[in-house]
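Raw run-v8.cif, mmCIF, C-alpha atoms:
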```cif
data_target
#
loop_
_atom_site.label_atom_id
_atom_site.label_comp_id
_atom_site.auth_asym_id
_atom_site.auth_seq_id
_atom_site.Cartn_x
_atom_site.Cartn_y
_atom_site.Cartn_z
CA MET A 662 0.00 0.00 0.00
CA LEU A 663 2.86 2.38 0.78
CA ILE A 664 4.47 1.75 -2.60
CA LEU A 665 1.16 2.39 -4.37
CA PHE A 666 0.69 5.59 -2.38
CA ILE A 667 4.19 6.79 -3.28
CA GLN A 668 3.72 5.95 -6.94
CA ALA A 669 0.52 8.01 -7.03
CA GLN A 670 2.16 11.18 -5.68
CA LYS A 671 3.08 14.12 -7.89
CA LEU A 672 6.73 15.10 -7.74
CA PRO A 673 8.22 16.64 -5.78
CA PHE A 674 6.89 15.45 -2.42
CA THR A 675 8.27 14.69 1.02
CA ALA A 676 7.66 11.56 3.06
CA THR A 677 8.62 10.61 6.59
CA LEU A 678 8.69 7.07 7.97
CA ALA A 679 9.17 6.13 11.58
CA PRO A 680 9.45 2.74 13.25
CA GLY A 681 6.81 1.71 15.77
CA LYS A 682 3.06 1.74 15.99
CA HIS A 683 1.15 4.98 16.57
CA ARG A 684 -0.42 5.55 20.01
CA THR A 685 -3.78 3.87 20.57
CA THR A 686 -7.30 5.14 21.22
CA ALA A 687 -7.31 3.21 24.52
CA GLN A 688 -4.19 5.09 25.61
CA ASN A 689 -5.81 8.41 24.71
CA ARG A 690 -8.99 7.57 26.65
CA LEU A 691 -6.93 6.55 29.69
CA GLN A 692 -4.94 9.77 29.58
CA ARG A 693 -8.12 11.88 29.42
CA LYS A 694 -9.68 9.88 32.29
CA TRP A 695 -6.58 10.41 34.42
CA MET A 696 -6.55 14.16 33.76
CA THR A 697 -10.14 14.33 35.03
CA GLU A 698 -9.23 12.22 38.09
CA ILE A 699 -6.20 14.41 38.83
CA ALA A 700 -8.29 17.60 38.55
CA GLU A 701 -10.92 16.13 40.89
CA GLN A 702 -8.27 15.31 43.50
CA MET A 703 -6.10 18.40 42.92
CA PRO A 704 -8.86 20.96 42.27
CA ASP A 705 -6.66 24.06 42.21
CA GLU A 706 -6.28 23.41 38.45
CA LYS A 707 -8.58 22.10 35.73
CA ALA A 708 -8.01 18.89 33.75
CA GLU A 709 -6.73 20.85 30.74
CA TYR A 710 -4.00 22.41 32.87
CA TRP A 711 -2.91 18.97 34.06
CA ARG A 712 -2.87 17.70 30.48
CA GLY A 713 -0.56 20.56 29.50
CA TYR A 714 1.54 20.00 32.62
CA CYS A 715 2.00 16.31 31.80
CA LYS A 716 2.87 17.03 28.19
CA LEU A 717 5.50 19.55 29.33
CA ARG A 718 6.87 17.58 32.28
CA PHE A 719 6.93 14.07 30.79
CA GLY A 720 6.23 14.20 27.06
CA VAL A 721 8.58 16.96 25.99
CA PRO A 722 11.69 15.47 27.64
CA MET A 723 10.89 12.09 26.09
CA LEU A 724 10.43 13.49 22.60
CA ARG A 725 13.46 15.78 22.90
CA ALA A 726 15.57 12.71 23.74
CA GLU A 727 14.15 10.50 20.98
CA ASN A 728 13.15 12.83 18.14
CA GLU A 729 15.84 15.10 16.70
CA GLU A 730 13.40 17.15 14.59
CA PHE A 731 11.11 17.75 17.58
CA ARG A 732 14.09 18.72 19.78
CA ALA A 733 15.41 21.24 17.25
CA LYS A 734 12.04 22.93 16.73
CA TYR A 735 11.09 22.86 20.42
CA ASP A 736 14.45 24.27 21.50
CA ALA A 737 14.28 27.07 18.93
CA VAL A 738 10.69 28.15 19.54
CA VAL A 739 9.36 26.93 22.90
CA LYS A 740 12.32 26.37 25.22
CA PRO A 741 13.11 30.11 25.66
CA LEU A 742 9.56 30.83 26.88
CA SER A 743 8.42 31.09 30.50
CA TYR A 744 6.83 28.12 32.28
CA GLU A 745 3.40 29.77 32.10
CA GLN A 746 3.77 30.34 28.35
CA LYS A 747 4.86 26.73 27.83
CA ILE A 748 1.81 25.43 29.73
CA ALA A 749 -0.41 27.69 27.59
CA ILE A 750 1.16 26.32 24.40
CA MET A 751 0.68 22.72 25.56
CA SER A 752 -3.01 23.31 26.37
CA GLU A 753 -6.10 24.13 24.33
CA PRO A 754 -6.62 26.13 22.21
CA LEU A 755 -2.99 26.02 21.00
CA ASP A 756 -2.34 22.38 21.96
CA LEU A 757 1.22 21.78 20.72
CA PRO A 758 1.42 18.22 19.37
CA VAL A 759 3.34 16.08 21.86
CA THR A 760 1.43 12.89 22.62
CA ARG A 761 -0.10 12.97 19.13
CA ILE A 762 3.29 12.17 17.62
CA MET A 763 4.18 9.41 20.10
CA THR A 764 4.44 5.74 19.27
CA THR A 765 2.55 3.18 21.33
CA LYS A 766 5.75 2.42 23.24
CA GLN A 767 6.40 6.10 23.97
CA LYS A 768 2.81 6.67 25.06
CA THR A 769 3.06 3.66 27.40
CA ALA A 770 6.18 5.14 29.00
CA TYR A 771 4.46 8.54 29.18
CA LEU A 772 1.40 7.10 30.93
CA ASP A 773 3.65 5.12 33.26
CA GLU A 774 5.41 8.33 34.29
CA ILE A 775 2.10 10.10 34.90
CA PHE A 776 0.88 7.20 37.03
CA ARG A 777 4.10 7.09 39.07
CA HIS A 778 4.30 10.86 39.57
CA PHE A 779 0.74 11.41 40.70
CA SER A 780 0.51 8.18 42.72
CA GLU A 781 3.53 9.35 44.71
CA GLN A 782 1.53 12.49 45.53
CA GLY A 783 -1.40 10.42 46.80
CA VAL A 784 -3.60 10.80 43.74
CA ILE A 785 -5.60 7.65 43.05
CA LEU A 786 -5.77 6.87 39.34
CA THR A 787 -7.83 4.21 37.63
CA ILE A 788 -5.80 1.13 36.73
CA PRO A 789 -6.95 0.08 33.27
CA ASP A 790 -8.33 -3.36 32.47
CA ASP A 791 -5.43 -3.69 30.01
CA PRO A 792 -2.38 -3.26 32.27
CA SER A 793 -0.04 -3.05 29.27
CA LEU A 794 -1.27 0.51 28.73
CA ILE A 795 0.86 1.75 31.63
CA GLY A 796 4.00 -0.33 31.55
CA GLN A 797 5.52 -2.70 34.00
CA PRO A 798 3.33 -4.11 36.82
CA GLU A 799 5.84 -3.22 39.53
CA ARG A 800 5.60 0.45 38.51
CA ARG A 801 1.80 0.44 38.91
CA LYS A 802 1.78 -0.37 42.60
CA VAL A 803 0.76 2.59 44.72
CA ALA A 804 3.01 3.10 47.74
#
```

Kindly present the structure from the file in structure tokens form.
Amino acid sequence: MLILFIQAQKLPFTATLAPGKHRTTAQNRLQRKWMTEIAEQMPDEKAEYWRGYCKLRFGVPMLRAENEEFRAKYDAVVKPLSYEQKIAIMSEPLDLPVTRIMTTKQKTAYLDEIFRHFSEQGVILTIPDDPSLIGQPERRKVA
């Protein structure tokens, strides 16, 4: 199918391939559920703030380490900004793509970090029926 797609393109064109499977709908639903649960238990901020916070705190470092193009663009445009500006860029309505460009493996690591971080703060997050969504079982245990 990829070869047929390429053959059908008008020249010139640009294509990018990356190894790995794209993040899953189940991972996205779990992330949204957790943001709601975090906001309910840490009500000083809304769920959208926590989504932006998680993207900035966990997603950006991951993508900067693993994606050279992301790192270069992030460092040139976003890194010089204040923390408040970065949170605003990560959140709606701007919503800088971070988790949208993750692979399934990256999103699993991302969710695992969210679970660990907030569990350590006493936030109780739903453990999904499919435990593979959040990584290794030993990391899911709440202290």

(request) Would you kindly translate the PyMOL selection byres ((chain A and resi 757) around 12) into the concrete residues it picks from this file, as number ranges by chain? (result) A: 712-713, 716-717, 720-721, 731, 734-735, 738-739, 746-756, 758-762

(request) State, in Å with one decimal place, the distance from atom CA of Leu794 of chain A to atom CA of Met723 of chain A. (result) 17.0 Å

(request) Pick out the closest residue to Glu774 of chain A from this set: A:Cys715, A:Leu742, A:Leu724, A:Ala700. Count only C-alpha atoms. (result) A:Cys715

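Using the PyMOL selection byres ((chain A and resi 685) around 12) on this structure selects Gly681, Lys682, His683, Arg684, Thr686, Ala687, Gln688, Asn689, Arg690, Leu691, Gln692, Thr760, Arg761, Ile762, Met763, Thr764, Thr765, Lys766, Gln767, Lys768, Thr769, Ser793 and Leu794 of chain A.
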
Listed atoms of segment 788-795 of chain A, axis-aligned box, 5 Å per side: centre and edge lengths to one decimal in Å, as JSON?
```
{"center_x": -3.7, "center_y": -1.0, "center_z": 32.7, "size_x": 19.2, "size_y": 15.4, "size_z": 18.0}
```

Save segment 678-757 of chain A to a file: C-alpha atoms, as a CSV table (one decimal), in the first residue's frame.
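So the final result, stored in result-v4.csv, reads:
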```
chain,number,residue,atom,x,y,z
A,678,LEU,CA,8.7,7.1,8.0
A,679,ALA,CA,9.2,6.1,11.6
A,680,PRO,CA,9.4,2.7,13.3
A,681,GLY,CA,6.8,1.7,15.8
A,682,LYS,CA,3.1,1.7,16.0
A,683,HIS,CA,1.2,5.0,16.6
A,684,ARG,CA,-0.4,5.5,20.0
A,685,THR,CA,-3.8,3.9,20.6
A,686,THR,CA,-7.3,5.1,21.2
A,687,ALA,CA,-7.3,3.2,24.5
A,688,GLN,CA,-4.2,5.1,25.6
A,689,ASN,CA,-5.8,8.4,24.7
A,690,ARG,CA,-9.0,7.6,26.7
A,691,LEU,CA,-6.9,6.5,29.7
A,692,GLN,CA,-4.9,9.8,29.6
A,693,ARG,CA,-8.1,11.9,29.4
A,694,LYS,CA,-9.7,9.9,32.3
A,695,TRP,CA,-6.6,10.4,34.4
A,696,MET,CA,-6.6,14.2,33.8
A,697,THR,CA,-10.1,14.3,35.0
A,698,GLU,CA,-9.2,12.2,38.1
A,699,ILE,CA,-6.2,14.4,38.8
A,700,ALA,CA,-8.3,17.6,38.5
A,701,GLU,CA,-10.9,16.1,40.9
A,702,GLN,CA,-8.3,15.3,43.5
A,703,MET,CA,-6.1,18.4,42.9
A,704,PRO,CA,-8.9,21.0,42.3
A,705,ASP,CA,-6.7,24.1,42.2
A,706,GLU,CA,-6.3,23.4,38.5
A,707,LYS,CA,-8.6,22.1,35.7
A,708,ALA,CA,-8.0,18.9,33.8
A,709,GLU,CA,-6.7,20.9,30.7
A,710,TYR,CA,-4.0,22.4,32.9
A,711,TRP,CA,-2.9,19.0,34.1
A,712,ARG,CA,-2.9,17.7,30.5
A,713,GLY,CA,-0.6,20.6,29.5
A,714,TYR,CA,1.5,20.0,32.6
A,715,CYS,CA,2.0,16.3,31.8
A,716,LYS,CA,2.9,17.0,28.2
A,717,LEU,CA,5.5,19.5,29.3
A,718,ARG,CA,6.9,17.6,32.3
A,719,PHE,CA,6.9,14.1,30.8
A,720,GLY,CA,6.2,14.2,27.1
A,721,VAL,CA,8.6,17.0,26.0
A,722,PRO,CA,11.7,15.5,27.6
A,723,MET,CA,10.9,12.1,26.1
A,724,LEU,CA,10.4,13.5,22.6
A,725,ARG,CA,13.5,15.8,22.9
A,726,ALA,CA,15.6,12.7,23.7
A,727,GLU,CA,14.2,10.5,21.0
A,728,ASN,CA,13.1,12.8,18.1
A,729,GLU,CA,15.8,15.1,16.7
A,730,GLU,CA,13.4,17.1,14.6
A,731,PHE,CA,11.1,17.7,17.6
A,732,ARG,CA,14.1,18.7,19.8
A,733,ALA,CA,15.4,21.2,17.3
A,734,LYS,CA,12.0,22.9,16.7
A,735,TYR,CA,11.1,22.9,20.4
A,736,ASP,CA,14.5,24.3,21.5
A,737,ALA,CA,14.3,27.1,18.9
A,738,VAL,CA,10.7,28.1,19.5
A,739,VAL,CA,9.4,26.9,22.9
A,740,LYS,CA,12.3,26.4,25.2
A,741,PRO,CA,13.1,30.1,25.7
A,742,LEU,CA,9.6,30.8,26.9
A,743,SER,CA,8.4,31.1,30.5
A,744,TYR,CA,6.8,28.1,32.3
A,745,GLU,CA,3.4,29.8,32.1
A,746,GLN,CA,3.8,30.3,28.4
A,747,LYS,CA,4.9,26.7,27.8
A,748,ILE,CA,1.8,25.4,29.7
A,749,ALA,CA,-0.4,27.7,27.6
A,750,ILE,CA,1.2,26.3,24.4
A,751,MET,CA,0.7,22.7,25.6
A,752,SER,CA,-3.0,23.3,26.4
A,753,GLU,CA,-6.1,24.1,24.3
A,754,PRO,CA,-6.6,26.1,22.2
A,755,LEU,CA,-3.0,26.0,21.0
A,756,ASP,CA,-2.3,22.4,22.0
A,757,LEU,CA,1.2,21.8,20.7
```
